[in-house]
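Written out below as structure tokens is the structure these notes cover.
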Amino acid sequence: MQFPRILGIECVGEVTQSSTPALAVGQKVVSIMGEMGRAFDGSYAEYVLLPNEQIYPVHTDLDWKTLAAIPETYYTAFCSLQQLRIVPQDRVLVRSAGSGVGIAFAQLLKAQFPHIVLHGSTRNPAKATHLQAVGFDEVITEADGKLQTDQNYDKILELVGPATLCDSFTHINEHGIVCNTGQLGNIWYVNDFDPIIELKNNSYLTTFYSGTMSQAKLDAMFDYIWQFNVKILIERVFTF
């Protein structure tokens with residue numbers, strides 16, 4: 001990465017100038033990742049210059065503040081939700097429930113399945129009241145990378161990542177699914193991983209990476225938000 005560099009890996013806005021007829025001036029658009037803010041200047045500015053292939057038109061009546069809260073966080077949560085193949089009878093756990101993706105996942109899941117069992121884990125028990133307020137039915141404490149519970153789950157969204165992945169499989173039910181999406185534990189790889197031993201109870205491991213962006217997936221997310229009237233939580237709004 002070369003400095004100076006304008007940061008920002010996601011944005012919403014309107015096209016003001018374009019090199020392709022597919023992106024007309026005034027079109028409302030979203031962009032995520034694609035080395036924005038890393039290989040080239042990103043979105044923390046009034047204007048951002050992006051490759052055409054990573055600019056996605058959106059058709060929505062959401063206000064700008066709400067739309068700005070969606071892209072990277074809700075897209076990651078939505079696609080992880082699809083990977084988990086959740087049904088109403090499932091018991092679901094989100095590890096690192098207090099993260100942005102964890103809270104977005106709760107909004108998406110509870111909008112479709114308001115009565116589903118949803119638990120969230122956190123290293124900080126003081127977050128329990130807030131997590132319950134945003135949709136988690138029970139909050140599980142984590143200590144030293146271990147869930148402080150004997151409960152098991154059908155589906156687990158693993159946002160801490162490789163640091164706690166093996167522990168998640170000790171809490172999975174028969175034929176359950178763990179989706180490893182986050183790496184909030186600051187460990188990128190699972191060393192000495194024996195899948196025959198670690199993938200307990202005939203369970204399944206999947207993942208989602210938000211760099212795998214497509215117009216179809218983005219459209220599906222906005223359709224889901226509209227269909228189930230998903231509540232988009234906004235933590236703070238800053239002025240430019």
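Note on naming: chains are A, B, ... as they come in the structure tokens, residues start from 1 per chain, ligands start from 1 in the order shown.
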Shell around Lys110 in chain A at 12 Å using only C-alpha atoms, local window under 2 positions removed, as a list in words:
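Neighbouring residues, sequence-local ones excluded: Leu81, Ile86, Val87, Pro88, Val92, Ile103, Ala104, Phe105, Ala106, Gln107, Leu108, Gln112, Phe113, Pro114, His115, Ile116, Val117, Leu118, His119, Val134, Gly135, Phe136, Asp137, Ile225, Phe228, Asn229, Val230 and Lys231 of chain A.
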Residue selection dump (N, CA, C and O atoms) as a compact mmCIF listing (two decimals), in the first residue's frame:
# COMPACT_ATOMS: atom_id res chain seq x y z
N LEU A 81 -25.83 -15.63 5.90
CA LEU A 81 -27.14 -16.20 6.22
C LEU A 81 -27.55 -17.23 5.16
O LEU A 81 -28.06 -18.32 5.49
N ILE A 86 -30.64 -21.76 6.88
CA ILE A 86 -31.40 -21.79 8.13
C ILE A 86 -32.87 -22.10 7.89
O ILE A 86 -33.47 -21.61 6.92
N VAL A 87 -33.45 -22.90 8.79
CA VAL A 87 -34.89 -23.20 8.80
C VAL A 87 -35.43 -22.78 10.16
O VAL A 87 -34.67 -22.61 11.13
N PRO A 88 -36.77 -22.59 10.26
CA PRO A 88 -37.34 -22.04 11.49
C PRO A 88 -37.04 -22.84 12.75
O PRO A 88 -37.02 -22.28 13.85
N VAL A 92 -29.60 -21.15 16.57
CA VAL A 92 -28.54 -20.44 15.87
C VAL A 92 -27.67 -19.68 16.88
O VAL A 92 -28.19 -19.07 17.83
N ILE A 103 -24.60 -8.00 14.52
CA ILE A 103 -25.86 -7.30 14.77
C ILE A 103 -26.70 -7.23 13.50
O ILE A 103 -27.92 -7.41 13.53
N ALA A 104 -26.06 -7.01 12.35
CA ALA A 104 -26.79 -7.01 11.08
C ALA A 104 -27.41 -8.38 10.81
O ALA A 104 -28.56 -8.47 10.35
N PHE A 105 -26.68 -9.43 11.12
CA PHE A 105 -27.18 -10.80 10.94
C PHE A 105 -28.44 -11.01 11.78
O PHE A 105 -29.41 -11.61 11.30
N ALA A 106 -28.43 -10.53 13.00
CA ALA A 106 -29.60 -10.67 13.87
C ALA A 106 -30.82 -9.97 13.27
O ALA A 106 -31.94 -10.49 13.32
N GLN A 107 -30.62 -8.78 12.69
CA GLN A 107 -31.75 -8.06 12.08
C GLN A 107 -32.31 -8.83 10.89
O GLN A 107 -33.52 -8.95 10.72
N LEU A 108 -31.42 -9.35 10.06
CA LEU A 108 -31.84 -10.09 8.87
C LEU A 108 -32.57 -11.39 9.26
O LEU A 108 -33.63 -11.71 8.71
N GLN A 112 -37.06 -12.44 9.13
CA GLN A 112 -37.71 -13.55 8.44
C GLN A 112 -38.26 -14.59 9.41
O GLN A 112 -39.34 -15.13 9.19
N PHE A 113 -37.50 -14.85 10.49
CA PHE A 113 -37.89 -15.87 11.46
C PHE A 113 -37.95 -15.25 12.86
O PHE A 113 -37.03 -15.41 13.67
N PRO A 114 -39.00 -14.50 13.18
CA PRO A 114 -39.04 -13.76 14.44
C PRO A 114 -39.01 -14.64 15.69
O PRO A 114 -38.63 -14.17 16.76
N HIS A 115 -39.38 -15.92 15.56
CA HIS A 115 -39.45 -16.79 16.73
C HIS A 115 -38.30 -17.80 16.79
O HIS A 115 -38.29 -18.66 17.66
N ILE A 116 -37.33 -17.67 15.91
CA ILE A 116 -36.21 -18.61 15.91
C ILE A 116 -35.34 -18.38 17.14
O ILE A 116 -35.28 -17.26 17.68
N VAL A 117 -34.69 -19.43 17.61
CA VAL A 117 -33.78 -19.32 18.76
C VAL A 117 -32.45 -18.77 18.26
O VAL A 117 -31.77 -19.40 17.44
N LEU A 118 -32.09 -17.59 18.75
CA LEU A 118 -30.85 -16.93 18.34
C LEU A 118 -30.05 -16.53 19.56
O LEU A 118 -30.50 -15.70 20.36
N HIS A 119 -28.87 -17.13 19.70
CA HIS A 119 -27.96 -16.78 20.79
C HIS A 119 -26.74 -16.06 20.21
O HIS A 119 -26.38 -16.27 19.05
N VAL A 134 -31.26 -5.89 20.51
CA VAL A 134 -31.22 -5.91 19.05
C VAL A 134 -31.60 -7.28 18.48
O VAL A 134 -31.46 -7.52 17.29
N GLY A 135 -32.09 -8.20 19.35
CA GLY A 135 -32.67 -9.42 18.81
C GLY A 135 -32.14 -10.74 19.31
O GLY A 135 -32.71 -11.80 19.00
N PHE A 136 -31.06 -10.75 20.08
CA PHE A 136 -30.52 -12.01 20.58
C PHE A 136 -31.33 -12.46 21.80
O PHE A 136 -31.59 -11.69 22.72
N ASP A 137 -31.71 -13.74 21.80
CA ASP A 137 -32.54 -14.27 22.88
C ASP A 137 -31.74 -14.58 24.13
O ASP A 137 -32.25 -14.53 25.25
N ILE A 225 -34.40 -7.32 2.15
CA ILE A 225 -34.63 -6.21 3.08
C ILE A 225 -36.03 -5.63 2.89
O ILE A 225 -36.74 -5.34 3.86
N PHE A 228 -38.95 -8.49 3.87
CA PHE A 228 -39.13 -8.79 5.29
C PHE A 228 -39.06 -7.53 6.18
O PHE A 228 -39.04 -7.65 7.40
N ASN A 229 -39.01 -6.36 5.54
CA ASN A 229 -39.00 -5.10 6.28
C ASN A 229 -37.90 -5.11 7.34
O ASN A 229 -38.15 -4.86 8.54
N VAL A 230 -36.70 -5.41 6.90
CA VAL A 230 -35.56 -5.53 7.81
C VAL A 230 -35.24 -4.16 8.42
O VAL A 230 -35.16 -3.15 7.72
N LYS A 231 -35.02 -4.15 9.72
CA LYS A 231 -34.64 -2.92 10.40
C LYS A 231 -33.14 -2.70 10.23
O LYS A 231 -32.33 -3.56 10.59
Which residues of range 42-152 of chain A come within 9 Å of range 13-19 of chain A, and for each one, what is the closest pair of atoms and their distance in Å to one decimal, counting only C-alpha atoms, sorted by chain and residue number, as CSV?
residue,atom,partner,partner_atom,distance
A:Tyr47,CA,A:Thr16,CA,8.8
A:Asn52,CA,A:Ser19,CA,8.0
A:Trp64,CA,A:Gly13,CA,8.2
A:Ala68,CA,A:Gly13,CA,8.5
Taking N, CA, C and O atoms for each residue, export the selection above as a CSV table (one decimal), in the first residue's frame.
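The result, written out as again-v6.csv:
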chain,number,residue,atom,x,y,z
A,47,TYR,N,-16.0,12.6,-3.5
A,47,TYR,CA,-16.1,11.8,-4.8
A,47,TYR,C,-15.2,10.6,-4.7
A,47,TYR,O,-14.1,10.7,-4.0
A,52,ASN,N,-15.4,0.5,-13.5
A,52,ASN,CA,-16.8,0.2,-13.8
A,52,ASN,C,-17.3,-1.1,-13.3
A,52,ASN,O,-18.5,-1.2,-12.9
A,64,TRP,N,-30.6,8.2,2.3
A,64,TRP,CA,-29.2,8.0,2.2
A,64,TRP,C,-28.5,7.5,3.4
A,64,TRP,O,-27.6,6.7,3.4
A,68,ALA,N,-26.5,4.1,3.4
A,68,ALA,CA,-25.1,4.1,3.6
A,68,ALA,C,-24.7,3.1,4.7
A,68,ALA,O,-23.5,2.6,4.8
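A straight line drawn from CA of Ile196 in chain A to CA of Ala143 in chain A is 25.9 Å long.
Going from CA of His175 in chain A to CA of Leu205 in chain A covers 10.3 Å.
Put simply, CA of Thr207 in chain A is 19.0 Å away from CA of Asp192 in chain A.
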Find the residues near Tyr189 in chain A: any atom within 8 Å, counting only C-alpha atoms, skip ones fewer than 2 places away on the same chain, and give them as a PDB file with all heavy atoms, in the first residue's frame.
ATOM      1  N   PRO A 162     -10.610 -18.300  12.762  1.00  0.00           N
ATOM      2  CA  PRO A 162      -9.754 -19.451  13.073  1.00  0.00           C
ATOM      3  C   PRO A 162      -9.375 -19.576  14.540  1.00  0.00           C
ATOM      4  O   PRO A 162      -9.119 -20.684  15.019  1.00  0.00           O
ATOM      5  CB  PRO A 162      -8.514 -19.196  12.200  1.00  0.00           C
ATOM      6  CG  PRO A 162      -9.050 -18.446  11.024  1.00  0.00           C
ATOM      7  CD  PRO A 162     -10.111 -17.543  11.590  1.00  0.00           C
ATOM      8  N   ILE A 187      -6.338 -14.016  14.025  1.00  0.00           N
ATOM      9  CA  ILE A 187      -5.615 -15.202  13.574  1.00  0.00           C
ATOM     10  C   ILE A 187      -6.226 -15.586  12.227  1.00  0.00           C
ATOM     11  O   ILE A 187      -7.448 -15.709  12.105  1.00  0.00           O
ATOM     12  CB  ILE A 187      -5.729 -16.361  14.588  1.00  0.00           C
ATOM     13  CG1 ILE A 187      -5.025 -15.974  15.893  1.00  0.00           C
ATOM     14  CG2 ILE A 187      -5.133 -17.646  14.026  1.00  0.00           C
ATOM     15  CD1 ILE A 187      -5.159 -17.008  16.986  1.00  0.00           C
ATOM     16  N   ASN A 191      -3.989 -23.916  12.132  1.00  0.00           N
ATOM     17  CA  ASN A 191      -2.834 -24.805  11.996  1.00  0.00           C
ATOM     18  C   ASN A 191      -3.160 -26.194  12.553  1.00  0.00           C
ATOM     19  O   ASN A 191      -3.949 -26.336  13.488  1.00  0.00           O
ATOM     20  CB  ASN A 191      -1.627 -24.224  12.731  1.00  0.00           C
ATOM     21  CG  ASN A 191      -1.169 -22.901  12.124  1.00  0.00           C
ATOM     22  OD1 ASN A 191      -1.133 -22.757  10.904  1.00  0.00           O
ATOM     23  ND2 ASN A 191      -0.835 -21.945  12.972  1.00  0.00           N
TER      24      ASN A 191
END
Using only C-alpha atoms, which residues sit within 10 Å of Ser99 in chain A once same-chain residues fewer than 3 positions away are excluded, as a ChimeraX atom specification?
/A:73,94-96,102-105,122,159-160,182,184
For the residues in that selection, give me N, CA, C and O atoms as a PDB file, in the first residue's frame.
ATOM      1  N   THR A  73     -21.510  -4.298   5.576  1.00  0.00           N
ATOM      2  CA  THR A  73     -21.940  -5.009   6.775  1.00  0.00           C
ATOM      3  C   THR A  73     -23.122  -5.936   6.496  1.00  0.00           C
ATOM      4  O   THR A  73     -23.083  -7.126   6.809  1.00  0.00           O
ATOM      5  N   VAL A  94     -24.359 -16.826  17.023  1.00  0.00           N
ATOM      6  CA  VAL A  94     -23.419 -15.910  16.380  1.00  0.00           C
ATOM      7  C   VAL A  94     -22.274 -15.648  17.346  1.00  0.00           C
ATOM      8  O   VAL A  94     -22.499 -15.172  18.467  1.00  0.00           O
ATOM      9  N   ARG A  95     -21.060 -15.999  16.929  1.00  0.00           N
ATOM     10  CA  ARG A  95     -19.889 -15.687  17.752  1.00  0.00           C
ATOM     11  C   ARG A  95     -19.391 -14.295  17.395  1.00  0.00           C
ATOM     12  O   ARG A  95     -19.302 -13.931  16.230  1.00  0.00           O
ATOM     13  N   SER A  96     -19.063 -13.507  18.425  1.00  0.00           N
ATOM     14  CA  SER A  96     -18.799 -12.071  18.297  1.00  0.00           C
ATOM     15  C   SER A  96     -20.060 -11.356  17.841  1.00  0.00           C
ATOM     16  O   SER A  96     -20.084 -10.607  16.865  1.00  0.00           O
ATOM     17  N   GLY A 102     -22.398  -9.143  13.141  1.00  0.00           N
ATOM     18  CA  GLY A 102     -23.220  -9.936  14.049  1.00  0.00           C
ATOM     19  C   GLY A 102     -24.577  -9.307  14.299  1.00  0.00           C
ATOM     20  O   GLY A 102     -25.616  -9.993  14.280  1.00  0.00           O
ATOM     21  N   ILE A 103     -24.597  -8.004  14.516  1.00  0.00           N
ATOM     22  CA  ILE A 103     -25.862  -7.303  14.771  1.00  0.00           C
ATOM     23  C   ILE A 103     -26.697  -7.235  13.500  1.00  0.00           C
ATOM     24  O   ILE A 103     -27.918  -7.406  13.532  1.00  0.00           O
ATOM     25  N   ALA A 104     -26.062  -7.014  12.350  1.00  0.00           N
ATOM     26  CA  ALA A 104     -26.789  -7.011  11.083  1.00  0.00           C
ATOM     27  C   ALA A 104     -27.411  -8.375  10.811  1.00  0.00           C
ATOM     28  O   ALA A 104     -28.556  -8.475  10.352  1.00  0.00           O
ATOM     29  N   PHE A 105     -26.681  -9.434  11.119  1.00  0.00           N
ATOM     30  CA  PHE A 105     -27.177 -10.797  10.935  1.00  0.00           C
ATOM     31  C   PHE A 105     -28.438 -11.013  11.775  1.00  0.00           C
ATOM     32  O   PHE A 105     -29.412 -11.613  11.301  1.00  0.00           O
ATOM     33  N   THR A 122     -20.124 -13.197  23.414  1.00  0.00           N
ATOM     34  CA  THR A 122     -19.296 -12.011  23.569  1.00  0.00           C
ATOM     35  C   THR A 122     -18.302 -12.237  24.695  1.00  0.00           C
ATOM     36  O   THR A 122     -18.575 -12.997  25.633  1.00  0.00           O
ATOM     37  N   LEU A 159     -17.645 -15.476  13.553  1.00  0.00           N
ATOM     38  CA  LEU A 159     -17.062 -14.189  13.180  1.00  0.00           C
ATOM     39  C   LEU A 159     -15.720 -13.926  13.860  1.00  0.00           C
ATOM     40  O   LEU A 159     -14.992 -13.039  13.445  1.00  0.00           O
ATOM     41  N   VAL A 160     -15.415 -14.694  14.914  1.00  0.00           N
ATOM     42  CA  VAL A 160     -14.088 -14.583  15.529  1.00  0.00           C
ATOM     43  C   VAL A 160     -13.059 -15.218  14.601  1.00  0.00           C
ATOM     44  O   VAL A 160     -11.952 -14.711  14.434  1.00  0.00           O
ATOM     45  N   GLY A 182     -15.838 -14.212   9.640  1.00  0.00           N
ATOM     46  CA  GLY A 182     -14.968 -13.180  10.199  1.00  0.00           C
ATOM     47  C   GLY A 182     -13.608 -13.700  10.610  1.00  0.00           C
ATOM     48  O   GLY A 182     -13.356 -14.907  10.663  1.00  0.00           O
ATOM     49  N   LEU A 184     -12.060 -11.841  13.408  1.00  0.00           N
ATOM     50  CA  LEU A 184     -11.906 -10.833  14.452  1.00  0.00           C
ATOM     51  C   LEU A 184     -10.950 -11.265  15.556  1.00  0.00           C
ATOM     52  O   LEU A 184     -10.577 -10.453  16.393  1.00  0.00           O
TER      53      LEU A 184
END
Nearest to Ile6 in chain A: which of A:Arg236, A:Lys155, A:Lys28, A:Arg38 is it, counting only C-alpha atoms?
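Selected residue with least distance to Ile6 in chain A: A:Arg38.
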Point out the residue among A:Pro71, A:Pro125, A:Gly34, A:Gly8 with the least atom-to-atom distance to Glu46 in chain A, counting only C-alpha atoms.
A:Gly8
Neighbours of Gln83 in chain A within 8 Å (only C-alpha atoms; same-chain residues fewer than 6 positions away dropped), as a list of chain:residue names?
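Close residues of Gln83 in chain A: A:Cys179, A:Thr206, A:Thr207, A:Phe208.
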Residue list (alpha helix (DSSP H), DSSP) for range 26-93 of chain A, as a VMD selection string:
chain A and resid 64 to 68 71 to 84
Pick out each residue of range 31-112 of chain A that DSSP on the backbone tags as strand (DSSP E); I need them as number ranges by chain.
A: 31-32, 56-57, 91-95
Nearest candidate to Thr20 in chain A (options A:His59, A:Ala45, A:Pro51, A:Thr76; using only C-alpha atoms):
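So, comparing all the options, the nearest one is A:Pro51.
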Can you pull out every residue within 9 Å of Arg5 in chain A, counting only C-alpha atoms, but drop anything in the same chain fewer than 4 positions away, and send it as a list in words?
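Returned residues: Met1, Gly37, Arg38, Ala39, Phe40, Asp41 and Gly42 of chain A.
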Please produce an output containing N, CA, C and O atoms for each residue in the selection, written as a tab-separated table (two decimals), in the first residue's frame.
chain	number	residue	atom	x	y	z
A	1	MET	N	0.85	-1.19	0.00
A	1	MET	CA	0.00	0.00	0.00
A	1	MET	C	0.88	1.23	0.00
A	1	MET	O	1.85	1.32	0.76
A	37	GLY	N	-9.67	2.04	-1.52
A	37	GLY	CA	-9.04	2.49	-0.28
A	37	GLY	C	-7.74	1.79	0.04
A	37	GLY	O	-7.13	2.06	1.08
A	38	ARG	N	-7.31	0.89	-0.85
A	38	ARG	CA	-6.06	0.15	-0.63
A	38	ARG	C	-5.15	0.33	-1.83
A	38	ARG	O	-4.13	1.02	-1.76
A	39	ALA	N	-5.53	-0.28	-2.97
A	39	ALA	CA	-4.71	-0.14	-4.17
A	39	ALA	C	-4.90	1.23	-4.82
A	39	ALA	O	-4.03	1.70	-5.55
A	40	PHE	N	-6.06	1.84	-4.57
A	40	PHE	CA	-6.34	3.18	-5.08
A	40	PHE	C	-7.22	3.91	-4.07
A	40	PHE	O	-7.74	3.29	-3.14
A	41	ASP	N	-7.38	5.22	-4.24
A	41	ASP	CA	-8.10	6.03	-3.27
A	41	ASP	C	-9.54	5.54	-3.08
A	41	ASP	O	-10.20	5.15	-4.04
A	42	GLY	N	-9.99	5.60	-1.83
A	42	GLY	CA	-11.29	5.06	-1.46
A	42	GLY	C	-12.37	6.08	-1.24
A	42	GLY	O	-12.32	7.20	-1.78
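Counting only C-alpha atoms and comparing A:Val139, A:Ala77, A:Ile172, A:Ile32, the residue that lies closest to Tyr204 in chain A is A:Ile172.
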Selected residue of minimal separation from Leu109 in chain A among A:Gly161, A:Val12, A:Asp90, A:Ala133, counting only C-alpha atoms
A:Asp90
